[in-house]
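This report refers to the structure that appears directly beneath it.
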Amino acid sequence: MYKYWIASIFFVCIAFVAAAQERYQGVWFDEISTETATYATKDGENLDLDIYLPQGDSETERPTVIFVHGGGFSGGTRNGQMIVDFCTQVASRGYVVASISYRLTRKGKPGGFGCECPANEKLNTINAAVEDLQDATFFLIENREQFGIDPQKIILAGSSAGAETALVAAYQPPYCYGLESGPVSFAGVIGMAGAIVDTAAVYDESAVPSLLFHGTDDNLVPYATAPHHYCAEDAPGYLVLHGSYTIAQKLDKLGVPHWLHTSCGAAHEIANKPMTEYINEIVDFCYHFVVKGQKEFRRTIIEGVQKDTKYEQFKFCEE
């Protein structure tokens with residue numbers, strides 16, 4: 001069951017029905033082609049991305065979604081079947097979609113990305129992935145004419161570790177790529193069970209429209225503010241993260257459009273669930289918040305039982 005709290009400057013009740021046939025929201029293309037390209041080579045490893053392109057499309061400047069997979073910075077791939085299906089569905093609406101590989105710097109390392117991984121190594125790991133994402137973005141912008149990309153409408157999306165990467169990259173000041181259209185800010189970000197290390201990084205010039213999926217009982221990446229993996233304070237991997245709820249609070253203060261999508265009682269499965277169950281919400285965000293540039297502020301709560309934890313002072317869901 002859904003409960004919606006929606007406040008927006010421009011919102012039309014029949015928009016969903018009317019927009020069902022519009023490009024970038026309704027399905028416009030039956031055939032999607034996929035190309036693979038190497039966007040960088042680091043430490044002897046080719047970093048590739050898969051580009052999903054609507055076939056028979058005459059548009060030359062299209063909004064683009066860059067997806068970053070999860071896997072605790074030690075596993076996961078850009079082309080798992082769930083990701084392929086997700087990228088294909090988004091591209092069928094007319095978007096260019098790119099799913100990237102990045103350096104998995106915790107692969108095979110003792111402690112993985114958990115409580116035994118020192119906090120400074122966690123930060124270095126995230127920063128390396130952010131650097132790779134920025135390089136992938138630069139590659140796509142350099143080849144924007146080949147792929148039909150609008151550099152001013154690039155949306156980042158990610159799951160779990162990929163969401164942490166996408167959020168950190170998105171909330172940075174504009175980059176100068178030498179374009180006539182000026183510096184490039186990401187046009188939006190979609191986080192699926194993600195978090196950031198420092199809320200001070202989100203300010204007037206860095207904040208972008210955001211769609212934030214999270215479960216209140218996420219045991220790995222906190223929904224609000226808590227240690228990563230809920231590590232003990234004396235653990236090597238103790239690192240406080242700020243999840244979707246805290247990010248949304250900061251965006252509220254800044255007056256930046258966003259949509260907080262909360263699943264009460266859900267754990268880290270929300271890192272993948274939106275790719276299969278919330279496609280309409282994702283496309284709706286891309287269409288209204290980015291393509292149309294509407295200034296909306298949404299709250300969606302999926303009902304469930306929020307379990308008590310040692311952080312039980314946070315009661316995000318109704319009893």
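FYI, nothing fancy with the structure tokens labels: chains A, B, ... in order, residues from 1 per chain, ligands from 1 as they appear.
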- Task: Please identify which residues in segment 27-156 of chain A DSSP calls strand (DSSP E or B) from the backbone, and express them as a VMD selection string.
- Result: chain A and resid 32 to 42 45 to 54 62 to 68 96 to 100 149 to 156
Could I get the residues of segment 212-268 of chain A with an atom no further than 10 Å from an atom of segment 185-193 of chain A, each paired with its nearest atom pair and that distance in Å to one decimal, using only C-alpha atoms, sorted by chain and residue number, as a tab-separated table?
residue	atom	partner	partner_atom	distance
A:Leu212	CA	A:Gly191	CA	4.9
A:Phe213	CA	A:Met192	CA	4.8
A:His214	CA	A:Ala193	CA	4.8
A:Gly215	CA	A:Ala193	CA	7.2
A:Thr216	CA	A:Ala193	CA	9.9
A:Asp218	CA	A:Ala193	CA	7.9
A:Leu220	CA	A:Ala193	CA	9.0
A:Val221	CA	A:Ala193	CA	6.6
A:Pro222	CA	A:Ala193	CA	8.2
A:Tyr223	CA	A:Ala193	CA	7.6
A:Gly243	CA	A:Ala193	CA	7.6
A:Ser244	CA	A:Ala193	CA	7.4
A:Pro257	CA	A:Gly188	CA	9.6
A:His258	CA	A:Gly188	CA	9.2
A:Trp259	CA	A:Ile190	CA	9.5
A:Leu260	CA	A:Gly191	CA	9.9
A:His261	CA	A:Met192	CA	9.6
A:Ala267	CA	A:Ala193	CA	9.0
A:His268	CA	A:Ala193	CA	6.7
- Task: Within 12 Å of Gly111 of chain A, counting only C-alpha atoms, which residues show up once you throw out same-chain ones fewer than 2 positions away? Write them as a PyMOL selection string, please.
- Result: chain A and resi 72-74+106-109+113-119+121-122+235-237
- Item | For atom CA of Leu241 of chain A and atom CA of His229 of chain A, the interatomic separation in Å (one decimal) | 9.4 Å
- Mind giving me the straight-line distance from atom CA of Glu145 of chain A to atom CA of Thr60 of chain A in Å, one decimal?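 Spanning atom CA of Glu145 of chain A to atom CA of Thr60 of chain A is a straight-line distance of 7.2 Å.
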- If we count only C-alpha atoms, what is near Thr77 of chain A at a cut-off of 12 Å, once residues fewer than 2 positions away on the same chain are taken out, given as a ChimeraX atom specification? /A:47-50,67-75,79-84,99-104,159,161-162
- Message: Quick check, in Å to one decimal: how far apart do atom CA of Leu167 of chain A and atom CA of Thr125 of chain A lie?
- Response: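 Taking atom CA of Leu167 of chain A and atom CA of Thr125 of chain A, their separation equals 14.3 Å.
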- Quick one: pick out all helix (DSSP H, G or I) residues within segment 207-276 of chain A from a backbone DSSP run and write them as a PyMOL selection string. chain A and resi 228-230+244-254+268-271+273-276
Would you write out those residues with N, CA and C atoms, as a PDB file, in the first residue's frame?
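The file below, again_20.pdb, is the result:
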ATOM      1  N   HIS A 228      28.550   3.003   8.906  1.00  0.00           N
ATOM      2  CA  HIS A 228      28.483   2.041   7.811  1.00  0.00           C
ATOM      3  C   HIS A 228      28.549   0.628   8.372  1.00  0.00           C
ATOM      4  N   HIS A 229      27.639  -0.228   7.917  1.00  0.00           N
ATOM      5  CA  HIS A 229      27.509  -1.602   8.418  1.00  0.00           C
ATOM      6  C   HIS A 229      27.221  -1.641   9.923  1.00  0.00           C
ATOM      7  N   TYR A 230      26.896  -0.511  10.507  1.00  0.00           N
ATOM      8  CA  TYR A 230      26.674  -0.410  11.958  1.00  0.00           C
ATOM      9  C   TYR A 230      27.870  -0.954  12.736  1.00  0.00           C
ATOM     10  N   SER A 244      19.723   8.182   2.791  1.00  0.00           N
ATOM     11  CA  SER A 244      18.718   8.902   2.001  1.00  0.00           C
ATOM     12  C   SER A 244      17.899   9.885   2.828  1.00  0.00           C
ATOM     13  N   TYR A 245      17.496   9.489   4.028  1.00  0.00           N
ATOM     14  CA  TYR A 245      16.671  10.367   4.859  1.00  0.00           C
ATOM     15  C   TYR A 245      17.423  11.653   5.204  1.00  0.00           C
ATOM     16  N   THR A 246      18.684  11.519   5.601  1.00  0.00           N
ATOM     17  CA  THR A 246      19.476  12.690   5.966  1.00  0.00           C
ATOM     18  C   THR A 246      19.760  13.561   4.742  1.00  0.00           C
ATOM     19  N   ILE A 247      20.037  12.923   3.602  1.00  0.00           N
ATOM     20  CA  ILE A 247      20.253  13.681   2.368  1.00  0.00           C
ATOM     21  C   ILE A 247      19.007  14.481   2.016  1.00  0.00           C
ATOM     22  N   ALA A 248      17.833  13.833   2.133  1.00  0.00           N
ATOM     23  CA  ALA A 248      16.575  14.522   1.821  1.00  0.00           C
ATOM     24  C   ALA A 248      16.359  15.716   2.741  1.00  0.00           C
ATOM     25  N   GLN A 249      16.707  15.578   4.008  1.00  0.00           N
ATOM     26  CA  GLN A 249      16.596  16.703   4.933  1.00  0.00           C
ATOM     27  C   GLN A 249      17.462  17.882   4.473  1.00  0.00           C
ATOM     28  N   LYS A 250      18.674  17.579   4.016  1.00  0.00           N
ATOM     29  CA  LYS A 250      19.572  18.639   3.543  1.00  0.00           C
ATOM     30  C   LYS A 250      19.016  19.291   2.280  1.00  0.00           C
ATOM     31  N   LEU A 251      18.483  18.486   1.367  1.00  0.00           N
ATOM     32  CA  LEU A 251      17.904  19.029   0.143  1.00  0.00           C
ATOM     33  C   LEU A 251      16.678  19.882   0.454  1.00  0.00           C
ATOM     34  N   ASP A 252      15.917  19.487   1.472  1.00  0.00           N
ATOM     35  CA  ASP A 252      14.778  20.297   1.916  1.00  0.00           C
ATOM     36  C   ASP A 252      15.237  21.693   2.312  1.00  0.00           C
ATOM     37  N   LYS A 253      16.289  21.750   3.113  1.00  0.00           N
ATOM     38  CA  LYS A 253      16.792  23.040   3.587  1.00  0.00           C
ATOM     39  C   LYS A 253      17.265  23.919   2.440  1.00  0.00           C
ATOM     40  N   LEU A 254      17.803  23.274   1.409  1.00  0.00           N
ATOM     41  CA  LEU A 254      18.322  24.017   0.267  1.00  0.00           C
ATOM     42  C   LEU A 254      17.246  24.351  -0.761  1.00  0.00           C
ATOM     43  N   HIS A 268      18.505  -4.187   3.028  1.00  0.00           N
ATOM     44  CA  HIS A 268      19.339  -3.751   1.896  1.00  0.00           C
ATOM     45  C   HIS A 268      18.844  -4.267   0.539  1.00  0.00           C
ATOM     46  N   GLU A 269      17.765  -5.019   0.536  1.00  0.00           N
ATOM     47  CA  GLU A 269      17.215  -5.471  -0.744  1.00  0.00           C
ATOM     48  C   GLU A 269      16.744  -4.311  -1.618  1.00  0.00           C
ATOM     49  N   ILE A 270      16.546  -3.147  -1.000  1.00  0.00           N
ATOM     50  CA  ILE A 270      16.121  -1.969  -1.768  1.00  0.00           C
ATOM     51  C   ILE A 270      17.235  -1.512  -2.717  1.00  0.00           C
ATOM     52  N   ALA A 271      18.435  -2.053  -2.568  1.00  0.00           N
ATOM     53  CA  ALA A 271      19.500  -1.726  -3.510  1.00  0.00           C
ATOM     54  C   ALA A 271      19.177  -2.220  -4.923  1.00  0.00           C
ATOM     55  N   LYS A 273      15.751  -3.686  -5.731  1.00  0.00           N
ATOM     56  CA  LYS A 273      14.308  -3.727  -5.980  1.00  0.00           C
ATOM     57  C   LYS A 273      13.806  -2.658  -6.945  1.00  0.00           C
ATOM     58  N   PRO A 274      14.288  -1.415  -6.883  1.00  0.00           N
ATOM     59  CA  PRO A 274      13.765  -0.404  -7.807  1.00  0.00           C
ATOM     60  C   PRO A 274      13.962  -0.752  -9.277  1.00  0.00           C
ATOM     61  N   MET A 275      15.003  -1.530  -9.592  1.00  0.00           N
ATOM     62  CA  MET A 275      15.265  -1.867 -10.985  1.00  0.00           C
ATOM     63  C   MET A 275      14.202  -2.778 -11.581  1.00  0.00           C
ATOM     64  N   THR A 276      13.466  -3.475 -10.714  1.00  0.00           N
ATOM     65  CA  THR A 276      12.431  -4.381 -11.212  1.00  0.00           C
ATOM     66  C   THR A 276      11.019  -3.924 -10.856  1.00  0.00           C
TER      67      THR A 276
END
- Task: Using only C-alpha atoms, find the one residue out of A:Asp284, A:Asp217, A:Asp30, A:Asp234 that sits nearest to Arg298 of chain A.
- Result: A:Asp284
- Item | Exercise: segment 137-144 of chain A partners within 12 Å, only C-alpha atoms, chain neighbours under 2 positions left out, as an MDAnalysis selection string | chainID A and resid 37:40 47:51 60:68 96:100 130:135 146:156 166 169:170 175:179 183:186
- Which residue out of A:Ile196, A:Ala207, A:Val291, A:Ala224 has the minimum interatomic distance to Ile126 of chain A when only C-alpha atoms are used? A:Ile196
